[in-house]
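Data first, discussion second: the structure below is written as structure tokens.
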Amino acid sequence: MRAEPINFIRQAEVVGRLLAVLPREAVLYQSEDTRPYECDGLSAYRQVPMIVALPADEAEVQAVLRICHTLQVPVVARGAGTGLSGGALPMGDGVLLSLAKMKSILAVDPVACVARVQPGVRNIAISEAAAPYGLYYAPDPSSQIACTIGGNVAENSGGVHCLKYGLTVHNVLRVRGLGVTGEIIELGSEALDAPGYDLLALVIGSEGMLAITTEVTVRLIPKPEVARCIMASFDDVEKAGNAVADVIGAGIIPAGLEMMDRPATRAVEEFVHAGYDLDAAALLLCESDGTAEEVEEEIARMSGVLRRSGATGIRISASEAERLKFWAGRKAAFPAVGRISPDYYCMDGTIPRKRLGEILRFIAAMESKYGLRCPNVFHAGDGNLHPLILFDANNPDELERTERFAGEVLEKCIAVGGTITGEHGVGIEKINQMCMQFSASELALFRRVKQAFDADGLLNPGKNIPTLHRCAEYGRMHVKGGQMPHGDLPRF
């Protein structure tokens, strides 16, 4: 990505203002201090921020926003930096606003089954705090030991159990935050409904472009009495993909329904030793939870469907430790793949379940076309794909081929009736494909929503919503078979 040079006169002016409202150690501007913030989990694209601000509470966030609005300085919010779409990529002329210090669990109410937390609280820490009451927070991204609830809100994160229990948007009751001018915004309610338009759902998944989250109230649910997991082996990836549709078609909604192909399972098994069948072309993990009677019945029904769908082997967890081991392998898929390749590009698209087999064949064809390996892991139950394209970032040609590979997969998702993202967001990674997914009038509506919250375009500029110029240019290049470089980021 093309780096933006830092204007040191501008930097000195902003630093001076920030030091009036933040402690000295909370304002970073030397290169060796700001460089660790140059990217999120999509490390192929990097930009050193002009300044990093680390507020400790809402009042300090408010003060930073007021200064940036007055001086017309762009602001990019950041949580733990585990995002995979470049949503937290800084601006070379802007402030990177880290919310990592705001990590307090403010309250856990076991009667109302809610928790009120600051944005820097790690996803898994919420469940740990609720565990003494027999409760937990359902959305469980693979990065849950590190990712923060503020980042989950920004990207509308999912997880391996989102099929039954929903995404972040289904489990957050209320968000308190700040607009670009520093005004306080409260959306949603702990009640069953809130007055007015459902702006809570609008802000969740808005990638920090509309407001900065400072407090989140989440729904907690009771831990199930029993949970068991089926590991089903298939000798053909298309059979496994079709089995997913068969399970849902039978009227069964598993607590989790995940798929991995052979390259992914082999990488994982070497890393975690989860007991996976390495001879299988694909594995399905199908979980049931509830009362002992409910789980026994559902496991039997799912096993029957999977056998009729062509499963060559079925193994059912015999203990809680074994169930967790099955899932530990799936959740370690990304770091496991990182052990066998210098770099990998973790994609995110969503398709109708019945097209899984078709998409897997397409990805295999793309591997041959671009000469790159691509293990596959899926939130198969809701059609959310995570192809992992393996490449070497030190080889510019491999990075370019990876981008083209990824672009073709995303556009195939659109062609079969799906979308370009399920939970990772658009960020900068998929901004070109937004031009393919949505019409010019739809994109214009998105821009008007953005302007209603942030008329000057200071919050996370250049992300998520492409400009008309960008779409026109990408359209011309698309017709010619080209790919617009990600480095050419638009500004509002």
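A note on labels: chains of the structure tokens are A, B, ... as shown, every chain counts residues from 1, and ligands are counted from 1 in their shown order.
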
Might you pull out every residue within 12 Å of Gly159 (chain A), with only C-alpha atoms counted and same-chain residues fewer than 2 positions away left off, and present them as a PyMOL selection string?
-> chain A and resi 123-124+137-144+147+152+156-157+161-168+255-258+327+330-331+378-382+384-386+422-424

Okay, now the selection with N, CA and C atoms, as a short mmCIF file (atom, residue, chain, number, x, y, z; two decimals), in the first residue's frame?
```cif
data_model
loop_
_atom_site.label_atom_id
_atom_site.label_comp_id
_atom_site.auth_asym_id
_atom_site.auth_seq_id
_atom_site.Cartn_x
_atom_site.Cartn_y
_atom_site.Cartn_z
N ASN A 123 -13.72 -10.38 24.32
CA ASN A 123 -14.94 -11.15 24.14
C ASN A 123 -15.06 -12.26 25.19
N ILE A 124 -14.02 -13.04 25.36
CA ILE A 124 -14.12 -14.18 26.27
C ILE A 124 -14.21 -13.75 27.73
N TYR A 137 -21.77 -15.22 27.20
CA TYR A 137 -22.05 -14.39 26.03
C TYR A 137 -21.85 -15.26 24.80
N ALA A 138 -22.87 -15.39 23.96
CA ALA A 138 -22.88 -16.41 22.91
C ALA A 138 -21.93 -16.18 21.73
N PRO A 139 -21.87 -15.00 21.12
CA PRO A 139 -20.99 -14.85 19.94
C PRO A 139 -19.53 -15.16 20.31
N ASP A 140 -18.92 -16.07 19.56
CA ASP A 140 -17.57 -16.54 19.92
C ASP A 140 -16.66 -16.58 18.69
N PRO A 141 -16.18 -15.44 18.22
CA PRO A 141 -15.22 -15.44 17.11
C PRO A 141 -14.01 -16.30 17.44
N SER A 142 -13.32 -16.77 16.41
CA SER A 142 -12.13 -17.58 16.64
C SER A 142 -11.08 -16.82 17.44
N SER A 143 -11.11 -15.50 17.33
CA SER A 143 -10.14 -14.65 18.03
C SER A 143 -10.65 -14.20 19.40
N GLN A 144 -11.63 -14.92 19.97
CA GLN A 144 -12.32 -14.42 21.15
C GLN A 144 -11.41 -14.22 22.37
N CYS A 147 -9.91 -10.59 20.77
CA CYS A 147 -10.73 -9.53 20.19
C CYS A 147 -11.59 -8.86 21.26
N ASN A 152 -16.01 -6.11 18.01
CA ASN A 152 -17.12 -6.98 17.61
C ASN A 152 -18.33 -6.17 17.17
N ASN A 156 -19.77 -6.41 13.55
CA ASN A 156 -20.88 -7.35 13.69
C ASN A 156 -20.35 -8.78 13.63
N SER A 157 -19.43 -9.09 14.52
CA SER A 157 -18.74 -10.38 14.50
C SER A 157 -19.69 -11.55 14.78
N HIS A 161 -20.73 -20.54 16.86
CA HIS A 161 -22.07 -20.84 17.37
C HIS A 161 -23.11 -19.80 16.94
N CYS A 162 -22.79 -19.03 15.90
CA CYS A 162 -23.72 -17.96 15.50
C CYS A 162 -24.95 -18.50 14.77
N LEU A 163 -24.87 -19.73 14.24
CA LEU A 163 -26.02 -20.28 13.52
C LEU A 163 -27.25 -20.32 14.42
N LYS A 164 -27.09 -20.80 15.65
CA LYS A 164 -28.22 -20.93 16.57
C LYS A 164 -28.43 -19.67 17.40
N TYR A 165 -27.33 -19.01 17.79
CA TYR A 165 -27.43 -17.92 18.76
C TYR A 165 -27.25 -16.53 18.17
N GLY A 166 -26.93 -16.43 16.90
CA GLY A 166 -26.90 -15.15 16.25
C GLY A 166 -25.55 -14.45 16.29
N LEU A 167 -25.48 -13.37 15.53
CA LEU A 167 -24.29 -12.52 15.45
C LEU A 167 -24.31 -11.49 16.58
N THR A 168 -23.32 -10.61 16.58
CA THR A 168 -23.27 -9.55 17.60
C THR A 168 -24.57 -8.75 17.64
N ALA A 255 -26.25 -26.10 17.26
CA ALA A 255 -25.60 -25.00 17.98
C ALA A 255 -24.39 -24.51 17.20
N GLY A 256 -23.76 -25.40 16.45
CA GLY A 256 -22.64 -25.03 15.59
C GLY A 256 -22.58 -26.01 14.44
N LEU A 257 -22.21 -25.52 13.25
CA LEU A 257 -22.09 -26.39 12.08
C LEU A 257 -20.95 -25.84 11.22
N GLU A 258 -19.79 -26.45 11.36
CA GLU A 258 -18.57 -25.94 10.73
C GLU A 258 -17.98 -26.98 9.78
N TRP A 327 -13.49 -28.43 19.01
CA TRP A 327 -13.64 -27.01 18.68
C TRP A 327 -12.31 -26.26 18.75
N ARG A 330 -10.83 -26.32 15.34
CA ARG A 330 -11.46 -25.39 14.39
C ARG A 330 -11.07 -23.95 14.70
N LYS A 331 -11.06 -23.59 15.98
CA LYS A 331 -10.76 -22.20 16.32
C LYS A 331 -9.28 -21.87 16.12
N PHE A 378 -15.19 -23.04 7.04
CA PHE A 378 -16.48 -22.37 6.84
C PHE A 378 -17.30 -22.36 8.12
N HIS A 379 -18.02 -21.25 8.34
CA HIS A 379 -19.19 -21.30 9.20
C HIS A 379 -20.30 -21.85 8.30
N ALA A 380 -20.24 -23.15 8.07
CA ALA A 380 -21.02 -23.75 6.99
C ALA A 380 -22.52 -23.60 7.20
N GLY A 381 -22.96 -23.60 8.46
CA GLY A 381 -24.38 -23.54 8.73
C GLY A 381 -25.06 -22.31 8.17
N ASP A 382 -24.35 -21.17 8.14
CA ASP A 382 -24.96 -19.97 7.57
C ASP A 382 -24.26 -19.54 6.28
N ASN A 384 -21.13 -18.97 5.56
CA ASN A 384 -20.05 -17.97 5.68
C ASN A 384 -18.70 -18.65 5.39
N LEU A 385 -18.07 -18.25 4.29
CA LEU A 385 -16.82 -18.86 3.84
C LEU A 385 -15.61 -18.15 4.44
N HIS A 386 -14.56 -18.93 4.73
CA HIS A 386 -13.27 -18.36 5.11
C HIS A 386 -12.14 -19.06 4.35
N GLY A 422 -19.52 -11.75 5.65
CA GLY A 422 -20.47 -12.28 6.62
C GLY A 422 -20.22 -11.71 8.00
N GLU A 423 -18.93 -11.46 8.33
CA GLU A 423 -18.62 -10.98 9.67
C GLU A 423 -17.32 -10.17 9.75
N HIS A 424 -16.49 -10.19 8.72
CA HIS A 424 -15.22 -9.48 8.80
C HIS A 424 -15.34 -8.01 8.42
#
```

For region 359-364 of chain A: contacts at 9 Å, only C-alpha atoms, fewer than 6 positions along chain excluded, given as a list in words = Val237, Glu238, Gly241, Ile351, Arg373, Cys374, Asn376, Pro387, Phe405, Val409, Lys412, Cys413 and Val416 of chain A

Can those selected residues be exported to a file as a PDB file, in the first residue's frame so that it contains N, CA, C and O atoms?
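Listed below is the output, result06.pdb:
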```
ATOM      1  N   VAL A 237     -15.485 -33.163  -0.895  1.00  0.00           N
ATOM      2  CA  VAL A 237     -15.868 -31.884  -0.296  1.00  0.00           C
ATOM      3  C   VAL A 237     -17.262 -31.453  -0.725  1.00  0.00           C
ATOM      4  O   VAL A 237     -17.992 -30.807   0.038  1.00  0.00           O
ATOM      5  N   GLU A 238     -17.650 -31.816  -1.937  1.00  0.00           N
ATOM      6  CA  GLU A 238     -18.987 -31.422  -2.385  1.00  0.00           C
ATOM      7  C   GLU A 238     -20.063 -32.167  -1.602  1.00  0.00           C
ATOM      8  O   GLU A 238     -21.104 -31.598  -1.266  1.00  0.00           O
ATOM      9  N   GLY A 241     -20.398 -30.342   1.622  1.00  0.00           N
ATOM     10  CA  GLY A 241     -21.146 -29.106   1.442  1.00  0.00           C
ATOM     11  C   GLY A 241     -22.632 -29.356   1.318  1.00  0.00           C
ATOM     12  O   GLY A 241     -23.457 -28.645   1.911  1.00  0.00           O
ATOM     13  N   ILE A 351     -22.624 -17.233   1.125  1.00  0.00           N
ATOM     14  CA  ILE A 351     -23.376 -17.758  -0.013  1.00  0.00           C
ATOM     15  C   ILE A 351     -24.571 -18.566   0.485  1.00  0.00           C
ATOM     16  O   ILE A 351     -24.610 -18.980   1.646  1.00  0.00           O
ATOM     17  N   ARG A 373      -2.094 -22.095  -3.023  1.00  0.00           N
ATOM     18  CA  ARG A 373      -2.884 -23.026  -2.221  1.00  0.00           C
ATOM     19  C   ARG A 373      -3.952 -22.270  -1.421  1.00  0.00           C
ATOM     20  O   ARG A 373      -3.738 -21.118  -1.040  1.00  0.00           O
ATOM     21  N   CYS A 374      -5.065 -22.957  -1.157  1.00  0.00           N
ATOM     22  CA  CYS A 374      -6.154 -22.297  -0.438  1.00  0.00           C
ATOM     23  C   CYS A 374      -6.931 -23.290   0.425  1.00  0.00           C
ATOM     24  O   CYS A 374      -7.937 -23.852  -0.010  1.00  0.00           O
ATOM     25  N   ASN A 376      -9.617 -24.352   3.213  1.00  0.00           N
ATOM     26  CA  ASN A 376     -10.928 -23.742   3.422  1.00  0.00           C
ATOM     27  C   ASN A 376     -11.521 -24.127   4.769  1.00  0.00           C
ATOM     28  O   ASN A 376     -11.528 -25.303   5.151  1.00  0.00           O
ATOM     29  N   PRO A 387     -12.050 -18.863   3.027  1.00  0.00           N
ATOM     30  CA  PRO A 387     -10.894 -19.397   2.309  1.00  0.00           C
ATOM     31  C   PRO A 387      -9.610 -18.725   2.810  1.00  0.00           C
ATOM     32  O   PRO A 387      -9.610 -17.528   3.101  1.00  0.00           O
ATOM     33  N   PHE A 405      -7.156 -13.465  -6.954  1.00  0.00           N
ATOM     34  CA  PHE A 405      -7.831 -14.681  -6.497  1.00  0.00           C
ATOM     35  C   PHE A 405      -8.995 -14.302  -5.574  1.00  0.00           C
ATOM     36  O   PHE A 405     -10.146 -14.722  -5.769  1.00  0.00           O
ATOM     37  N   VAL A 409     -13.207 -14.721  -6.037  1.00  0.00           N
ATOM     38  CA  VAL A 409     -14.051 -15.481  -5.112  1.00  0.00           C
ATOM     39  C   VAL A 409     -15.199 -14.610  -4.599  1.00  0.00           C
ATOM     40  O   VAL A 409     -16.355 -15.042  -4.540  1.00  0.00           O
ATOM     41  N   LYS A 412     -17.734 -14.197  -7.251  1.00  0.00           N
ATOM     42  CA  LYS A 412     -18.492 -15.435  -7.414  1.00  0.00           C
ATOM     43  C   LYS A 412     -19.565 -15.538  -6.333  1.00  0.00           C
ATOM     44  O   LYS A 412     -20.688 -15.989  -6.603  1.00  0.00           O
ATOM     45  N   CYS A 413     -19.240 -15.111  -5.113  1.00  0.00           N
ATOM     46  CA  CYS A 413     -20.241 -15.099  -4.040  1.00  0.00           C
ATOM     47  C   CYS A 413     -21.447 -14.248  -4.439  1.00  0.00           C
ATOM     48  O   CYS A 413     -22.601 -14.639  -4.224  1.00  0.00           O
ATOM     49  N   VAL A 416     -23.692 -16.013  -7.147  1.00  0.00           N
ATOM     50  CA  VAL A 416     -24.563 -17.123  -6.734  1.00  0.00           C
ATOM     51  C   VAL A 416     -25.622 -16.682  -5.732  1.00  0.00           C
ATOM     52  O   VAL A 416     -26.308 -17.509  -5.141  1.00  0.00           O
TER      53      VAL A 416
END
```

Looking at A:Asn7, A:Thr213, A:Gln47, A:Thr181, which one is nearest to Leu458 (chain A), with distances taken over only C-alpha atoms?
-> A:Thr181

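Take the candidates A:Gln118, A:Ser206, A:Thr419, A:Thr82 and check each one against Phe438 (chain A) using only C-alpha atoms; the shortest distance goes to A:Thr419.
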
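Checking A:Pro342, A:Pro74, A:Gly182, A:Gly407 one by one against Ala59 (chain A), counting only C-alpha atoms, you find the shortest gap at A:Gly182.
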
Would you mind writing down, as a PyMOL selection string, each residue of region 223-334 of chain A that DSSP on the backbone assigns to alpha helix (DSSP H)?
-> chain A and resi 237-249+262-272+292-308+320-331+333-334

Compile the contact shell of Gly79 (chain A) as a ChimeraX atom specification: residues with an atom at most 7 Å away, counting only C-alpha atoms, same-chain residues fewer than 5 positions apart removed.
-> /A:98-100,120,148,150-151

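Of the residues listed (A:Arg176, A:Asn242, A:Ile465, A:Gln11), A:Ile465 shows the shortest atom-to-atom separation from Phe446 (chain A); distances use only C-alpha atoms.
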
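Residues of region 140-224 of chain A that DSSP places in strand (DSSP E or B), based on the backbone of this structure, are Thr148, Val172, Leu173, Arg174, Val175, Arg176, Gly177, Leu178, Ile184, Ile185, Glu186, Leu187, Gly188, Ile212, Thr213, Thr214, Glu215, Val216, Thr217, Val218, Arg219, Ile221 and Pro222 of chain A.
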
Residues at most 10 Å from region 33-37 of chain A, counting only C-alpha atoms, excluding those fewer than 4 positions away in the same chain, as a VMD selection string?
-> chain A and resid 27 to 29 46 to 53 78 81 88 to 90 96 98

Which residues come within 8 Å of Phe391 (chain A), counting only C-alpha atoms, excluding same-chain residues fewer than 4 positions away, as a PDB file with all heavy atoms, in the first residue's frame?
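File written: part_39.pdb
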```pdb
ATOM      1  N   SER A 341       2.805 -21.345   6.040  1.00  0.00           N
ATOM      2  CA  SER A 341       2.972 -20.381   4.950  1.00  0.00           C
ATOM      3  C   SER A 341       3.509 -19.079   5.519  1.00  0.00           C
ATOM      4  O   SER A 341       3.149 -18.697   6.636  1.00  0.00           O
ATOM      5  CB  SER A 341       1.618 -20.131   4.266  1.00  0.00           C
ATOM      6  OG  SER A 341       1.716 -19.124   3.269  1.00  0.00           O
ATOM      7  N   PRO A 342       4.369 -18.374   4.765  1.00  0.00           N
ATOM      8  CA  PRO A 342       4.866 -17.083   5.261  1.00  0.00           C
ATOM      9  C   PRO A 342       3.734 -16.114   5.583  1.00  0.00           C
ATOM     10  O   PRO A 342       3.798 -15.365   6.554  1.00  0.00           O
ATOM     11  CB  PRO A 342       5.726 -16.567   4.099  1.00  0.00           C
ATOM     12  CG  PRO A 342       6.099 -17.783   3.320  1.00  0.00           C
ATOM     13  CD  PRO A 342       4.945 -18.718   3.447  1.00  0.00           C
ATOM     14  N   ASP A 343       2.692 -16.129   4.757  1.00  0.00           N
ATOM     15  CA  ASP A 343       1.541 -15.250   4.954  1.00  0.00           C
ATOM     16  C   ASP A 343       0.285 -15.971   4.459  1.00  0.00           C
ATOM     17  O   ASP A 343       0.365 -16.914   3.666  1.00  0.00           O
ATOM     18  CB  ASP A 343       1.707 -13.939   4.163  1.00  0.00           C
ATOM     19  CG  ASP A 343       2.942 -13.160   4.569  1.00  0.00           C
ATOM     20  OD1 ASP A 343       2.880 -12.456   5.590  1.00  0.00           O
ATOM     21  OD2 ASP A 343       3.967 -13.284   3.879  1.00  0.00           O
ATOM     22  N   TYR A 344      -0.859 -15.518   4.939  1.00  0.00           N
ATOM     23  CA  TYR A 344      -2.115 -16.013   4.387  1.00  0.00           C
ATOM     24  C   TYR A 344      -3.135 -14.885   4.380  1.00  0.00           C
ATOM     25  O   TYR A 344      -3.068 -13.968   5.183  1.00  0.00           O
ATOM     26  CB  TYR A 344      -2.660 -17.227   5.152  1.00  0.00           C
ATOM     27  CG  TYR A 344      -3.093 -16.964   6.572  1.00  0.00           C
ATOM     28  CD1 TYR A 344      -4.393 -16.549   6.868  1.00  0.00           C
ATOM     29  CD2 TYR A 344      -2.207 -17.153   7.637  1.00  0.00           C
ATOM     30  CE1 TYR A 344      -4.784 -16.321   8.171  1.00  0.00           C
ATOM     31  CE2 TYR A 344      -2.602 -16.929   8.941  1.00  0.00           C
ATOM     32  CZ  TYR A 344      -3.886 -16.512   9.202  1.00  0.00           C
ATOM     33  OH  TYR A 344      -4.288 -16.279  10.491  1.00  0.00           O
ATOM     34  N   TYR A 345      -4.038 -14.971   3.439  1.00  0.00           N
ATOM     35  CA  TYR A 345      -5.080 -13.965   3.254  1.00  0.00           C
ATOM     36  C   TYR A 345      -6.396 -14.627   3.644  1.00  0.00           C
ATOM     37  O   TYR A 345      -6.892 -15.491   2.927  1.00  0.00           O
ATOM     38  CB  TYR A 345      -5.099 -13.539   1.791  1.00  0.00           C
ATOM     39  CG  TYR A 345      -5.832 -12.268   1.460  1.00  0.00           C
ATOM     40  CD1 TYR A 345      -5.184 -11.222   0.809  1.00  0.00           C
ATOM     41  CD2 TYR A 345      -7.184 -12.113   1.741  1.00  0.00           C
ATOM     42  CE1 TYR A 345      -5.844 -10.061   0.466  1.00  0.00           C
ATOM     43  CE2 TYR A 345      -7.853 -10.956   1.409  1.00  0.00           C
ATOM     44  CZ  TYR A 345      -7.171  -9.934   0.768  1.00  0.00           C
ATOM     45  OH  TYR A 345      -7.838  -8.778   0.423  1.00  0.00           O
ATOM     46  N   LEU A 372      -1.731 -20.857  -6.334  1.00  0.00           N
ATOM     47  CA  LEU A 372      -1.682 -20.602  -4.899  1.00  0.00           C
ATOM     48  C   LEU A 372      -2.552 -21.621  -4.171  1.00  0.00           C
ATOM     49  O   LEU A 372      -3.641 -21.963  -4.653  1.00  0.00           O
ATOM     50  CB  LEU A 372      -2.171 -19.190  -4.582  1.00  0.00           C
ATOM     51  CG  LEU A 372      -1.356 -18.032  -5.161  1.00  0.00           C
ATOM     52  CD1 LEU A 372      -2.128 -16.714  -5.028  1.00  0.00           C
ATOM     53  CD2 LEU A 372      -0.005 -17.913  -4.457  1.00  0.00           C
ATOM     54  N   ARG A 373      -2.094 -22.095  -3.023  1.00  0.00           N
ATOM     55  CA  ARG A 373      -2.884 -23.026  -2.221  1.00  0.00           C
ATOM     56  C   ARG A 373      -3.952 -22.270  -1.421  1.00  0.00           C
ATOM     57  O   ARG A 373      -3.738 -21.118  -1.040  1.00  0.00           O
ATOM     58  CB  ARG A 373      -1.986 -23.794  -1.263  1.00  0.00           C
ATOM     59  CG  ARG A 373      -0.989 -24.725  -1.928  1.00  0.00           C
ATOM     60  CD  ARG A 373      -0.070 -25.349  -0.888  1.00  0.00           C
ATOM     61  NE  ARG A 373       0.779 -24.352  -0.257  1.00  0.00           N
ATOM     62  CZ  ARG A 373       1.399 -24.520   0.912  1.00  0.00           C
ATOM     63  NH1 ARG A 373       1.228 -25.652   1.589  1.00  0.00           N
ATOM     64  NH2 ARG A 373       2.157 -23.577   1.417  1.00  0.00           N
ATOM     65  N   GLU A 398       3.137 -12.566  -5.921  1.00  0.00           N
ATOM     66  CA  GLU A 398       2.224 -13.432  -5.185  1.00  0.00           C
ATOM     67  C   GLU A 398       1.120 -12.625  -4.514  1.00  0.00           C
ATOM     68  O   GLU A 398      -0.034 -13.055  -4.465  1.00  0.00           O
ATOM     69  CB  GLU A 398       2.986 -14.264  -4.147  1.00  0.00           C
ATOM     70  CG  GLU A 398       3.775 -15.408  -4.740  1.00  0.00           C
ATOM     71  CD  GLU A 398       4.105 -16.487  -3.723  1.00  0.00           C
ATOM     72  OE1 GLU A 398       3.517 -16.494  -2.617  1.00  0.00           O
ATOM     73  OE2 GLU A 398       4.949 -17.334  -4.050  1.00  0.00           O
ATOM     74  N   LEU A 399       1.449 -11.452  -3.978  1.00  0.00           N
ATOM     75  CA  LEU A 399       0.427 -10.608  -3.363  1.00  0.00           C
ATOM     76  C   LEU A 399      -0.595 -10.166  -4.406  1.00  0.00           C
ATOM     77  O   LEU A 399      -1.807 -10.195  -4.157  1.00  0.00           O
ATOM     78  CB  LEU A 399       1.060  -9.380  -2.701  1.00  0.00           C
ATOM     79  CG  LEU A 399       0.083  -8.367  -2.093  1.00  0.00           C
ATOM     80  CD1 LEU A 399      -0.835  -9.026  -1.073  1.00  0.00           C
ATOM     81  CD2 LEU A 399       0.838  -7.208  -1.464  1.00  0.00           C
ATOM     82  N   THR A 402      -2.772 -13.032  -5.241  1.00  0.00           N
ATOM     83  CA  THR A 402      -3.679 -13.279  -4.114  1.00  0.00           C
ATOM     84  C   THR A 402      -4.865 -12.324  -4.159  1.00  0.00           C
ATOM     85  O   THR A 402      -6.020 -12.735  -3.958  1.00  0.00           O
ATOM     86  CB  THR A 402      -2.917 -13.121  -2.785  1.00  0.00           C
ATOM     87  OG1 THR A 402      -1.893 -14.104  -2.712  1.00  0.00           O
ATOM     88  CG2 THR A 402      -3.855 -13.282  -1.592  1.00  0.00           C
TER      89      THR A 402
END
```
